[in-house]
Amino acid sequence: MRAEDVLGRVILVTGKEEFLGARTVDDVKAAVRAFDAETEFADSAAADLTLASLGEMSAPSLFSAIRCVVVRGFENLPDESVEGVLSYAAAPVEDVALVLVHGGGPKGSGVLTKLRKLPAVTEHKSEELKPGDFPAFVANEVRRWGATIERDAADVLIESIGRDLRSLAGGAHQLANDFPGERISEAQVRRYFGGRAEAKSFAVADAAFAGRDRAALEELRWALDAGTPAVLVTSAFAGSARGLARLVSAPRGMREADLAREVGVPPWKLRSLRDQARGWNEPGLARAIRAVAQADADIKGAASDASYALERLVLTITSLRRG
């Protein structure tokens, strides 16, 4: 993002994904700061915004004519301030970058519609990512820091860290910093993140739903010995059960991308789900879901021994699949 893209313009940041919205705001600030190190910044809640306060924040000071004004919670803009903001957006101050952050949802949508029609307004959408979008997000984050990453490596990072964008961005930054300019491989990602508690939990669930009782029990013991919380294990089992249930009940003949959306997983995850799905049917999965719910209740206080409850869950799931 360049200074000429934001100065004398209104940057509209919309959507529910807070991390992406915050990233856009940071990019605007960085662009203005690079243009003028003496830039002054102002931050305000839309609920407190009036035409007078907007004028004060955007006016030049004794120290710098360049200003960056961020207005957060734009959906809460008072009705009496709407016309003032629209008037400003129709003819923004040349040396000011105004950022309006809207958290998504229908509130304030009428104002957004009017703003989008103005030539000086640029919108950056920060919508929540779909399952299939996460590998591209990881690749872009790694590229942002001067490296590249293999698709399988991006998949492993997502499986290890989960789908929290801030955590994924941090992981991508760490990898790119430690392997500058390189193409990051699956082995490198596993070396750094393969020991994450979430990854261990999914390893237990994957083995159990595949019917490999000995491997699942070994993975469970390693996970618990490494300090993995029991609740993460039952959470992984619940996620696997839901994914398999959606896969088994999905209409036949769907395209890969459509099936991934139906199941609620990224396309790469379908491969392992299909392998696990052999031997499962809807009644069996219904019993598995009940077993997971019971184990979850047990580890949260209904039983005295969480390890025993998890071992019983593993054996129940593997026997249901064989059955």
# chains A, B, ... in the order shown; residues from 1 in each chain; ligands from 1
call {"tool": "residues_around", "arguments": {"residues": "region 147-160 of chain A", "least_positions_apart": "6", "cutoff": "12 Å", "atoms": "only C-alpha atoms", "output": "PyMOL selection string"}}
result
chain A and resi 131-141+166-203+206+236+265-269
call {"tool": "residues_around", "arguments": {"residues": "Glu56 (chain A)", "least_positions_apart": "3", "cutoff": "12 Å", "atoms": "only C-alpha atoms", "output": "list in words"}}
result
Phe41, Ala42, Asp43, Ser44, Leu49, Thr50, Leu51, Ala52, Ser53, Ala59, Pro60, Ser61, Arg67, Val69 and Val96 of chain A
call {"tool": "closest_atom_pairs", "arguments": {"of": "region 73-166 of chain A", "to": "region 12-26 of chain A", "cutoff": "12 Å", "atoms": "only C-alpha atoms", "output": "Markdown table"}}
result
| residue | atom | partner | partner_atom | distance |
| --- | --- | --- | --- | --- |
| A:Gly73 | CA | A:Thr14 | CA | 10.0 |
| A:Phe74 | CA | A:Thr14 | CA | 9.2 |
| A:Glu75 | CA | A:Thr14 | CA | 9.8 |
| A:Ala89 | CA | A:Leu12 | CA | 10.5 |
| A:Ala97 | CA | A:Val25 | CA | 10.6 |
| A:Leu98 | CA | A:Leu12 | CA | 8.5 |
| A:Val99 | CA | A:Leu12 | CA | 6.0 |
| A:Leu100 | CA | A:Leu12 | CA | 5.0 |
| A:Val101 | CA | A:Val13 | CA | 4.7 |
| A:His102 | CA | A:Thr14 | CA | 4.7 |
| A:Gly103 | CA | A:Lys16 | CA | 5.3 |
| A:Gly104 | CA | A:Gly15 | CA | 4.3 |
| A:Gly105 | CA | A:Gly15 | CA | 7.7 |
| A:Pro106 | CA | A:Gly15 | CA | 10.8 |
| A:Lys107 | CA | A:Thr14 | CA | 11.8 |
| A:Gly108 | CA | A:Thr14 | CA | 11.1 |
| A:Ser109 | CA | A:Thr14 | CA | 10.3 |
| A:Val111 | CA | A:Leu12 | CA | 11.2 |
| A:Leu112 | CA | A:Leu12 | CA | 8.5 |
| A:Thr113 | CA | A:Leu12 | CA | 11.2 |
| A:Lys114 | CA | A:Leu12 | CA | 11.8 |
| A:Leu115 | CA | A:Leu12 | CA | 8.4 |
| A:Arg116 | CA | A:Leu12 | CA | 8.4 |
| A:Lys117 | CA | A:Leu12 | CA | 11.8 |
| A:Leu118 | CA | A:Leu12 | CA | 11.2 |
| A:Ala120 | CA | A:Leu12 | CA | 10.3 |
| A:Val121 | CA | A:Leu12 | CA | 6.8 |
| A:Thr122 | CA | A:Leu12 | CA | 5.9 |
| A:Glu123 | CA | A:Leu12 | CA | 4.5 |
| A:His124 | CA | A:Val13 | CA | 4.9 |
| A:Lys125 | CA | A:Thr14 | CA | 4.9 |
| A:Ser126 | CA | A:Gly15 | CA | 4.6 |
| A:Glu127 | CA | A:Gly15 | CA | 4.7 |
| A:Glu128 | CA | A:Glu17 | CA | 5.0 |
| A:Leu129 | CA | A:Glu17 | CA | 8.0 |
| A:Lys130 | CA | A:Glu17 | CA | 11.4 |
| A:Phe137 | CA | A:Leu20 | CA | 10.6 |
| A:Glu141 | CA | A:Arg23 | CA | 11.5 |
| A:Arg163 | CA | A:Phe19 | CA | 11.9 |
| A:Asp164 | CA | A:Phe19 | CA | 9.1 |
| A:Leu165 | CA | A:Phe19 | CA | 6.7 |
| A:Arg166 | CA | A:Phe19 | CA | 6.4 |
call {"tool": "residues_around", "arguments": {"residues": "Tyr88 (chain A)", "least_positions_apart": "3", "cutoff": "10 Å", "atoms": "only C-alpha atoms", "output": "MDAnalysis selection string"}}
result
chainID A and resid 9:10 51 54:55 83:85 91:93 98
call {"tool": "write_last_selection", "arguments": {"atoms": "N, CA and C atoms", "output": "mmCIF file, in the first residue's frame"}}
result
data_model
loop_
_atom_site.group_PDB
_atom_site.id
_atom_site.type_symbol
_atom_site.label_atom_id
_atom_site.label_comp_id
_atom_site.auth_asym_id
_atom_site.auth_seq_id
_atom_site.Cartn_x
_atom_site.Cartn_y
_atom_site.Cartn_z
ATOM 1 N N ARG A 9 -7.915 10.351 0.640
ATOM 2 C CA ARG A 9 -8.924 9.346 0.344
ATOM 3 C C ARG A 9 -9.554 8.859 1.645
ATOM 4 N N VAL A 10 -10.646 8.116 1.508
ATOM 5 C CA VAL A 10 -11.307 7.469 2.635
ATOM 6 C C VAL A 10 -11.179 5.967 2.435
ATOM 7 N N LEU A 51 -19.156 16.044 13.332
ATOM 8 C CA LEU A 51 -18.463 16.767 12.272
ATOM 9 C C LEU A 51 -17.369 17.652 12.859
ATOM 10 N N LEU A 54 -14.412 15.378 13.894
ATOM 11 C CA LEU A 54 -13.716 14.923 12.690
ATOM 12 C C LEU A 54 -12.859 16.049 12.128
ATOM 13 N N GLY A 55 -13.387 17.269 12.142
ATOM 14 C CA GLY A 55 -12.613 18.413 11.670
ATOM 15 C C GLY A 55 -11.375 18.652 12.500
ATOM 16 N N GLU A 83 -24.521 12.723 7.721
ATOM 17 C CA GLU A 83 -24.374 13.683 6.629
ATOM 18 C C GLU A 83 -23.004 14.351 6.653
ATOM 19 N N GLY A 84 -22.488 14.617 7.854
ATOM 20 C CA GLY A 84 -21.167 15.230 7.954
ATOM 21 C C GLY A 84 -20.077 14.335 7.412
ATOM 22 N N VAL A 85 -20.145 13.046 7.732
ATOM 23 C CA VAL A 85 -19.143 12.094 7.233
ATOM 24 C C VAL A 85 -19.249 11.966 5.721
ATOM 25 N N ALA A 91 -15.385 15.078 -0.467
ATOM 26 C CA ALA A 91 -14.269 15.984 -0.776
ATOM 27 C C ALA A 91 -13.253 15.912 0.356
ATOM 28 N N PRO A 92 -12.540 14.785 0.486
ATOM 29 C CA PRO A 92 -11.609 14.615 1.615
ATOM 30 C C PRO A 92 -10.414 15.559 1.539
ATOM 31 N N VAL A 93 -9.847 15.843 2.691
ATOM 32 C CA VAL A 93 -8.669 16.699 2.792
ATOM 33 C C VAL A 93 -7.477 15.983 2.155
ATOM 34 N N LEU A 98 -8.234 8.986 5.975
ATOM 35 C CA LEU A 98 -9.334 8.668 6.899
ATOM 36 C C LEU A 98 -9.699 7.206 6.727
#
call {"tool": "select_by_dssp", "arguments": {"residues": "region 39-271 of chain A", "states": "strand (DSSP E or B)", "output": "list of chain:residue names"}}
result
A:Glu40, A:Phe41, A:Ala42, A:Asp43, A:Ser44, A:Ala45, A:Arg67, A:Cys68, A:Val69, A:Val70, A:Val71, A:Arg72, A:Val96, A:Ala97, A:Leu98, A:Val99, A:Leu100, A:Val101, A:His102, A:Val121, A:Thr122, A:Glu123, A:His124, A:Lys125, A:Thr148, A:Ile149, A:Arg183, A:Ile184
call {"tool": "atom_distance", "arguments": {"atom1": "CA of Val263 (chain A)", "atom2": "CA of Ala277 (chain A)"}}
result
12.5 Å
call {"tool": "atom_distance", "arguments": {"atom1": "CA of Leu273 (chain A)", "atom2": "CA of Ala238 (chain A)"}}
result
13.6 Å
call {"tool": "select_by_dssp", "arguments": {"residues": "region 12-59 of chain A", "states": "helix (DSSP H, G or I)", "output": "PyMOL selection string"}}
result
chain A and resi 18-35+46-48+51-58
call {"tool": "write_last_selection", "arguments": {"atoms": "C-alpha atoms", "output": "PDB file, in the first residue's frame"}}
result
ATOM      1  CA  GLU A  18     -10.832  -8.622  12.977  1.00  0.00           C
ATOM      2  CA  PHE A  19      -7.298  -9.711  12.132  1.00  0.00           C
ATOM      3  CA  LEU A  20      -7.635  -8.805   8.445  1.00  0.00           C
ATOM      4  CA  GLY A  21      -9.284  -5.513   9.338  1.00  0.00           C
ATOM      5  CA  ALA A  22      -6.505  -4.659  11.787  1.00  0.00           C
ATOM      6  CA  ARG A  23      -3.926  -5.607   9.162  1.00  0.00           C
ATOM      7  CA  THR A  24      -5.447  -3.131   6.689  1.00  0.00           C
ATOM      8  CA  VAL A  25      -5.421  -0.354   9.296  1.00  0.00           C
ATOM      9  CA  ASP A  26      -1.763  -1.098  10.071  1.00  0.00           C
ATOM     10  CA  ASP A  27      -0.903  -1.029   6.355  1.00  0.00           C
ATOM     11  CA  VAL A  28      -2.518   2.399   5.973  1.00  0.00           C
ATOM     12  CA  LYS A  29      -0.592   3.735   8.961  1.00  0.00           C
ATOM     13  CA  ALA A  30       2.670   2.298   7.646  1.00  0.00           C
ATOM     14  CA  ALA A  31       2.140   3.854   4.221  1.00  0.00           C
ATOM     15  CA  VAL A  32       1.500   7.285   5.707  1.00  0.00           C
ATOM     16  CA  ARG A  33       4.407   7.019   8.152  1.00  0.00           C
ATOM     17  CA  ALA A  34       6.761   6.039   5.309  1.00  0.00           C
ATOM     18  CA  PHE A  35       5.660   9.160   3.434  1.00  0.00           C
ATOM     19  CA  ALA A  46     -17.625   6.240  15.725  1.00  0.00           C
ATOM     20  CA  ALA A  47     -20.190   6.583  18.512  1.00  0.00           C
ATOM     21  CA  ASP A  48     -18.350   9.728  19.668  1.00  0.00           C
ATOM     22  CA  LEU A  51     -18.463  16.767  12.272  1.00  0.00           C
ATOM     23  CA  ALA A  52     -16.643  19.065  14.678  1.00  0.00           C
ATOM     24  CA  SER A  53     -14.502  16.283  16.171  1.00  0.00           C
ATOM     25  CA  LEU A  54     -13.716  14.923  12.690  1.00  0.00           C
ATOM     26  CA  GLY A  55     -12.613  18.413  11.670  1.00  0.00           C
ATOM     27  CA  GLU A  56     -10.353  18.691  14.691  1.00  0.00           C
ATOM     28  CA  MET A  57      -8.734  15.321  14.064  1.00  0.00           C
ATOM     29  CA  SER A  58      -8.128  16.021  10.376  1.00  0.00           C
TER      30      SER A  58
END
call {"tool": "residues_around", "arguments": {"residues": "region 292-295 of chain A", "least_positions_apart": "6", "cutoff": "9 Å", "atoms": "only C-alpha atoms", "output": "ChimeraX atom specification"}}
result
/A:234-235,237-238,241,302-303,306,309-310,312-313,317
